[in-house]
>>> print(open('input-v2.csv').read())   # CSV, C-alpha atoms
chain,number,residue,atom,x,y,z
A,1,MET,CA,0.0,0.0,0.0
A,2,ARG,CA,2.7,2.4,1.1
A,3,PRO,CA,4.9,1.8,-2.0
A,4,SER,CA,2.0,2.5,-4.3
A,5,ILE,CA,1.3,5.8,-2.6
A,6,VAL,CA,4.9,6.9,-2.8
A,7,GLY,CA,4.9,5.9,-6.5
A,8,CYS,CA,1.8,8.0,-7.1
A,9,ILE,CA,3.5,11.0,-5.4
A,10,HIS,CA,6.6,10.5,-7.6
A,11,ALA,CA,4.5,10.2,-10.7
A,12,ALA,CA,2.5,13.4,-9.8
A,13,ALA,CA,5.7,15.3,-9.1
A,14,LEU,CA,7.2,14.2,-12.4
A,15,ALA,CA,4.0,15.2,-14.3
A,16,ALA,CA,4.0,18.6,-12.6
A,17,GLY,CA,7.6,19.1,-13.4
A,18,LEU,CA,7.0,18.2,-17.1
A,19,LEU,CA,4.1,20.6,-17.3
A,20,LEU,CA,6.1,23.4,-15.7
A,21,GLY,CA,9.0,22.7,-18.1
A,22,ALA,CA,6.7,22.7,-21.1
A,23,ALA,CA,5.0,25.9,-20.0
A,24,SER,CA,8.3,27.7,-19.6
A,25,GLN,CA,9.4,26.5,-23.0
A,26,ALA,CA,6.1,27.6,-24.6
A,27,GLN,CA,6.4,31.2,-23.2
A,28,ALA,CA,8.4,33.7,-25.1
A,29,PRO,CA,11.0,35.6,-23.1
A,30,VAL,CA,9.4,38.6,-21.4
A,31,ASP,CA,10.8,42.0,-22.5
A,32,PRO,CA,10.6,44.2,-19.4
A,33,ARG,CA,10.4,47.3,-21.6
A,34,ALA,CA,7.4,46.0,-23.5
A,35,PRO,CA,4.0,47.4,-22.7
A,36,GLN,CA,1.8,45.1,-20.6
A,37,GLY,CA,-1.3,44.3,-22.4
A,38,ALA,CA,-2.9,45.9,-25.4
A,39,LEU,CA,-2.7,49.7,-25.5
A,40,LEU,CA,-5.3,52.0,-27.0
A,41,PRO,CA,-4.0,54.5,-29.6
A,42,LYS,CA,-3.7,57.8,-27.7
A,43,ASP,CA,-5.8,59.7,-30.2
A,44,SER,CA,-8.6,57.2,-30.3
A,45,ALA,CA,-12.1,57.9,-29.0
A,46,GLU,CA,-11.8,54.9,-26.8
A,47,ALA,CA,-8.7,56.2,-25.2
A,48,ALA,CA,-10.3,59.6,-24.6
A,49,THR,CA,-13.3,57.9,-23.0
A,50,PHE,CA,-11.1,55.9,-20.8
A,51,ARG,CA,-9.1,58.9,-19.7
A,52,GLY,CA,-12.3,60.8,-19.2
A,53,GLY,CA,-13.5,58.1,-16.8
A,54,LEU,CA,-10.5,58.7,-14.7
A,55,VAL,CA,-11.2,62.5,-14.6
A,56,TYR,CA,-14.8,61.8,-13.7
A,57,ALA,CA,-13.8,59.4,-10.9
A,58,ASN,CA,-11.4,62.0,-9.4
A,59,TYR,CA,-13.4,65.2,-9.7
A,60,CYS,CA,-17.1,64.6,-10.4
A,61,VAL,CA,-18.0,61.5,-8.4
A,62,THR,CA,-18.5,63.4,-5.1
A,63,CYS,CA,-21.6,65.1,-6.4
A,64,HIS,CA,-22.7,63.2,-9.5
A,65,GLY,CA,-22.0,59.7,-8.0
A,66,PHE,CA,-20.3,56.6,-9.2
A,67,ASN,CA,-23.2,55.8,-11.5
A,68,ALA,CA,-23.3,59.4,-12.7
A,69,ASP,CA,-27.0,59.5,-11.7
A,70,GLY,CA,-26.7,62.6,-9.5
A,71,ASN,CA,-26.5,60.6,-6.3
A,72,GLY,CA,-23.0,61.3,-5.1
A,73,ARG,CA,-22.2,61.4,-1.4
A,74,ALA,CA,-22.5,65.2,-1.4
A,75,ALA,CA,-25.8,65.2,-3.3
A,76,ARG,CA,-27.8,65.6,-0.1
A,77,LEU,CA,-26.5,69.1,0.3
A,78,TYR,CA,-28.1,70.4,-2.8
A,79,ASN,CA,-31.6,71.3,-4.0
A,80,PRO,CA,-31.9,70.8,-6.9
A,81,LYS,CA,-29.8,67.7,-6.8
A,82,PRO,CA,-26.7,67.3,-9.1
A,83,ALA,CA,-27.6,66.4,-12.6
A,84,ASN,CA,-28.3,62.8,-13.7
A,85,LEU,CA,-25.6,62.6,-16.4
A,86,ARG,CA,-27.0,59.4,-17.8
A,87,THR,CA,-30.2,61.0,-18.9
A,88,SER,CA,-29.0,64.5,-19.7
A,89,ASP,CA,-30.2,65.8,-23.0
A,90,LYS,CA,-27.4,68.4,-23.3
A,91,ASN,CA,-24.9,68.3,-26.2
A,92,ASP,CA,-21.2,68.2,-26.1
A,93,ALA,CA,-20.8,72.0,-26.4
A,94,TYR,CA,-23.1,72.5,-23.4
A,95,TYR,CA,-21.1,69.9,-21.4
A,96,GLY,CA,-17.9,71.8,-22.3
A,97,LEU,CA,-19.3,75.1,-21.3
A,98,ILE,CA,-20.7,74.1,-17.9
A,99,ILE,CA,-17.6,72.1,-17.1
A,100,ARG,CA,-15.3,75.1,-17.9
A,101,LYS,CA,-17.4,77.9,-16.5
A,102,GLY,CA,-19.6,76.3,-13.9
A,103,GLY,CA,-23.3,76.1,-13.3
A,104,SER,CA,-23.8,79.9,-12.9
A,105,ALA,CA,-22.6,80.5,-16.5
A,106,VAL,CA,-25.6,78.5,-17.8
A,107,ALA,CA,-28.2,79.5,-15.2
A,108,ARG,CA,-27.8,76.2,-13.4
A,109,SER,CA,-26.8,75.4,-9.9
A,110,GLU,CA,-24.2,77.8,-8.5
A,111,PHE,CA,-22.7,74.8,-6.6
A,112,MET,CA,-21.4,73.3,-9.9
A,113,PRO,CA,-17.8,74.7,-9.8
A,114,ALA,CA,-16.0,76.1,-12.8
A,115,TRP,CA,-13.2,73.7,-13.7
A,116,ASP,CA,-11.3,75.7,-16.3
A,117,ALA,CA,-8.5,76.5,-13.9
A,118,GLU,CA,-8.1,72.9,-12.7
A,119,LEU,CA,-8.6,70.8,-15.8
A,120,THR,CA,-6.7,71.0,-19.1
A,121,ASN,CA,-8.5,71.3,-22.4
A,122,GLU,CA,-7.6,67.7,-23.0
A,123,GLN,CA,-9.0,66.5,-19.7
A,124,ILE,CA,-12.3,68.4,-20.4
A,125,GLY,CA,-12.5,66.9,-23.9
A,126,ASP,CA,-11.9,63.5,-22.4
A,127,LEU,CA,-14.5,64.0,-19.8
A,128,VAL,CA,-17.1,65.1,-22.4
A,129,SER,CA,-16.2,61.9,-24.3
A,130,TYR,CA,-16.8,59.8,-21.2
A,131,LEU,CA,-20.1,61.6,-20.4
A,132,ARG,CA,-21.3,61.0,-23.9
A,133,SER,CA,-20.3,57.3,-23.7
A,134,ILE,CA,-22.5,56.7,-20.6
A,135,ASN,CA,-25.4,58.9,-21.7
A,136,ALA,CA,-28.6,57.0,-22.6
A,137,SER,CA,-30.2,59.7,-24.7
A,138,LYS,CA,-27.1,60.5,-26.9
A,139,PRO,CA,-28.4,63.7,-28.4
B,1,MET,CA,-30.6,106.5,49.1
B,2,LYS,CA,-27.7,107.2,46.6
B,3,THR,CA,-25.8,104.2,47.9
B,4,SER,CA,-28.7,101.9,47.4
B,5,ARG,CA,-29.3,103.1,43.9
B,6,LEU,CA,-25.6,102.6,43.1
B,7,LEU,CA,-25.8,99.1,44.5
B,8,THR,CA,-28.9,98.3,42.4
B,9,VAL,CA,-27.1,99.5,39.2
B,10,ALA,CA,-24.0,97.4,40.1
B,11,LEU,CA,-26.0,94.3,40.7
B,12,GLY,CA,-27.9,94.8,37.5
B,13,LEU,CA,-24.6,95.1,35.6
B,14,ALA,CA,-23.2,92.1,37.3
B,15,GLY,CA,-26.3,90.2,36.3
B,16,LEU,CA,-25.9,91.3,32.7
B,17,VAL,CA,-22.3,90.1,32.6
B,18,ALA,CA,-23.2,86.8,34.1
B,19,ALA,CA,-26.0,86.3,31.5
B,20,THR,CA,-23.8,87.2,28.5
B,21,PRO,CA,-22.4,84.1,26.9
B,22,ALA,CA,-18.6,83.8,26.3
B,23,LEU,CA,-17.5,85.7,23.2
B,24,SER,CA,-17.1,83.5,20.2
B,25,ALA,CA,-13.8,83.5,18.3
B,26,GLU,CA,-13.1,83.7,14.6
B,27,HIS,CA,-10.4,81.5,13.3
B,28,VAL,CA,-8.8,82.2,9.9
B,29,VAL,CA,-7.7,79.3,7.6
B,30,SER,CA,-6.0,80.1,4.3
B,31,GLN,CA,-6.1,78.1,1.1
B,32,LYS,CA,-2.8,78.3,-0.7
B,33,ASN,CA,-1.1,76.1,-3.2
B,34,LYS,CA,-4.0,73.7,-3.2
B,35,ALA,CA,-3.8,73.1,0.5
B,36,PHE,CA,-5.4,74.4,3.7
B,37,SER,CA,-2.9,76.4,5.8
B,38,ILE,CA,-3.3,74.0,8.6
B,39,LYS,CA,-4.3,70.3,8.8
B,40,LYS,CA,-6.1,70.3,12.1
B,41,LEU,CA,-7.9,72.9,14.1
B,42,THR,CA,-9.7,72.9,17.4
B,43,VAL,CA,-12.5,75.4,18.0
B,44,LYS,CA,-15.2,75.9,20.6
B,45,THR,CA,-18.9,75.6,20.0
B,46,GLY,CA,-20.1,78.9,18.6
B,47,ASP,CA,-16.7,79.8,17.1
B,48,SER,CA,-16.5,80.5,13.4
B,49,VAL,CA,-13.9,79.7,10.8
B,50,LYS,CA,-13.2,82.1,8.0
B,51,PHE,CA,-11.8,80.5,4.9
B,52,VAL,CA,-9.7,82.8,2.8
B,53,ASN,CA,-8.6,81.9,-0.7
B,54,ASP,CA,-5.0,83.0,-1.3
B,55,ASP,CA,-4.6,81.0,-4.5
B,56,SER,CA,-5.1,82.5,-7.9
B,57,PHE,CA,-7.8,80.0,-8.8
B,58,ALA,CA,-11.2,79.1,-7.2
B,59,HIS,CA,-11.8,76.8,-4.3
B,60,ASN,CA,-15.0,75.2,-3.1
B,61,VAL,CA,-14.9,74.4,0.6
B,62,PHE,CA,-17.5,71.9,1.9
B,63,SER,CA,-18.1,69.3,4.6
B,64,LEU,CA,-20.4,66.3,4.8
B,65,SER,CA,-19.8,65.7,8.4
B,66,PRO,CA,-23.0,65.1,10.5
B,67,ALA,CA,-21.9,67.7,13.1
B,68,LYS,CA,-21.8,70.3,10.4
B,69,SER,CA,-22.7,69.9,6.7
B,70,PHE,CA,-22.1,72.9,4.5
B,71,ASP,CA,-21.0,74.0,1.0
B,72,LEU,CA,-19.5,77.5,0.7
B,73,GLY,CA,-19.7,77.4,-3.1
B,74,SER,CA,-16.8,78.5,-5.3
B,75,PHE,CA,-14.9,81.6,-4.5
B,76,GLY,CA,-11.8,83.0,-6.2
B,77,ASN,CA,-8.6,84.8,-5.2
B,78,GLY,CA,-9.1,87.1,-2.3
B,79,GLY,CA,-12.5,85.7,-1.5
B,80,ALA,CA,-13.5,84.6,1.9
B,81,LYS,CA,-16.4,82.8,3.5
B,82,SER,CA,-17.2,81.9,7.1
B,83,VAL,CA,-18.9,79.0,8.8
B,84,THR,CA,-20.1,79.0,12.4
B,85,PHE,CA,-19.8,75.7,14.2
B,86,ASP,CA,-22.8,75.5,16.6
B,87,LYS,CA,-22.5,71.8,17.6
B,88,ALA,CA,-19.6,69.8,19.1
B,89,GLY,CA,-18.1,67.1,17.0
B,90,LYS,CA,-15.5,66.3,14.4
B,91,ILE,CA,-15.7,67.9,11.0
B,92,GLU,CA,-13.9,66.9,7.9
B,93,VAL,CA,-13.5,69.9,5.5
B,94,GLU,CA,-12.8,69.3,1.8
B,95,CYS,CA,-12.5,71.2,-1.4
B,96,ALA,CA,-14.8,70.1,-4.3
B,97,VAL,CA,-12.3,71.3,-6.9
B,98,HIS,CA,-9.2,69.8,-5.3
B,99,PRO,CA,-9.9,66.3,-3.9
B,100,ASP,CA,-6.5,66.1,-2.1
B,101,MET,CA,-7.3,69.1,0.2
B,102,ARG,CA,-8.4,68.2,3.7
B,103,LEU,CA,-8.8,69.9,7.0
B,104,ASP,CA,-10.0,68.3,10.3
B,105,ILE,CA,-11.8,70.5,12.7
B,106,GLU,CA,-12.7,69.4,16.2
B,107,VAL,CA,-15.5,71.5,17.8
B,108,THR,CA,-15.4,71.2,21.6
B,109,PRO,CA,-18.3,72.0,23.9
>>> encode(input="input-v2.csv", output="structure tokens")
Amino acid sequence: MRPSIVGCIHAAALAAGLLLGAASQAQAPVDPRAPQGALLPKDSAEAATFRGGLVYANYCVTCHGFNADGNGRAARLYNPKPANLRTSDKNDAYYGLIIRKGGSAVARSEFMPAWDAELTNEQIGDLVSYLRSINASKP
Amino acid sequence: MKTSRLLTVALGLAGLVAATPALSAEHVVSQKNKAFSIKKLTVKTGDSVKFVNDDSFAHNVFSLSPAKSFDLGSFGNGGAKSVTFDKAGKIEVECAVHPDMRLDIEVTP
């Protein structure tokens, strides 16, 4: 009984070693300078949307919420509530204006700050791309 | 007669002083280089904190703490807004435009 168990263990160890060896031979050598995973072309719309999502998560989520439905953790301070950006019917130009100049510039809530001193033009463009990507009405 | 009148006035004044609550203080916190000038502040109930923007761009100071929730809105260079803390507790103050800004205020009774 015991010899057969030991034999099984040896066989399993040998099989594992063979598998590991085969796997290491099948993998090409890793170039540490190579990018990890597929990269989006910087100028693509998908890349802008991805970057815009990061801008949103850093600057907008407090009021507009993780789901962009206007239910951020600060939303309870405001009446009217922050806009639901998933159902907004505003176009990209409007988004750009209210992001740059704040709510007062378009007769909306004075509590929507002006972001033109904090965000670059590229960040604002990326943010608009992201907002467009999550918008259900897509005007 | 004159003495008793003086005594009455003196007692009245003493009563007024005793009934007057302690004067509240105003603390000033600056915003400079995307940071509050201090990280922690202890104030007494009834004190106010004046937030002064010494940056060249706007700040938007707010707090969601149960002891005091407020939003001062955006205000630019040289602007200042005050908040009175009328309840003891711990208050986390943030800036809506600069998520890394943080100030902890402890309001003591």
>>> interface_residues(input="input-v2.csv", of="chain B", to="chain A", cutoff="12 Å", atoms="only C-alpha atoms", output="number ranges by chain")
B: 34, 55-66, 68-76, 94-100
>>> axis_aligned_box(input="input-v2.csv", around="region 50-61 of chain B", padding_each_side="6 Å", output="AutoDock Vina command-line options")
--center_x -9.8 --center_y 78.7 --center_z -0.4 --size_x 22.4 --size_y 20.6 --size_z 28.8
>>> closest_residue(input="input-v2.csv", among="B:Ala67, B:Asp86, B:Gly46, B:Arg102", to="Gln31 (chain B)", atoms="all atoms listed in the file")
B:Arg102
>>> atom_distance(input="input-v2.csv", atom1="CA of Ser37 (chain B)", atom2="CA of Ala80 (chain B)")
14.0 Å
>>> atom_distance(input="input-v2.csv", atom1="CA of Ala57 (chain A)", atom2="CA of Lys81 (chain A)")
18.5 Å
>>> residues_around(input="input-v2.csv", residues="Ser88 (chain A)", least_positions_apart="5", cutoff="8 Å", atoms="only C-alpha atoms", output="PyMOL selection string")
chain A and resi 83+135+137
>>> residues_around(input="input-v2.csv", residues="Ile124 (chain A)", least_positions_apart="3", cutoff="8 Å", atoms="all atoms listed in the file", output="PyMOL selection string")
chain A and resi 52+96+99-100+119-121+127-128
>>> atom_distance(input="input-v2.csv", atom1="CA of Ile98 (chain A)", atom2="CA of Lys32 (chain B)")
25.2 Å
>>> residues_around(input="input-v2.csv", residues="Lys44 (chain B)", least_positions_apart="5", cutoff="10 Å", atoms="all atoms listed in the file", output="MDAnalysis selection string")
chainID B and resid 24:25 85:89 106:109
>>> residues_around(input="input-v2.csv", residues="Ser82 (chain B)", least_positions_apart="5", cutoff="7 Å", atoms="only C-alpha atoms", output="list in words")
Ser48, Val49, Lys50 and Phe51 of chain B
>>> closest_residue(input="input-v2.csv", among="B:Leu41, B:Ile105, B:Ser30, B:Ala35", to="Asp54 (chain B)", atoms="all atoms listed in the file")
B:Ser30
>>> residues_around(input="input-v2.csv", residues="Ser44 (chain A)", least_positions_apart="6", cutoff="12 Å", atoms="all atoms listed in the file", output="PyMOL selection string")
chain A and resi 50-51+126+129
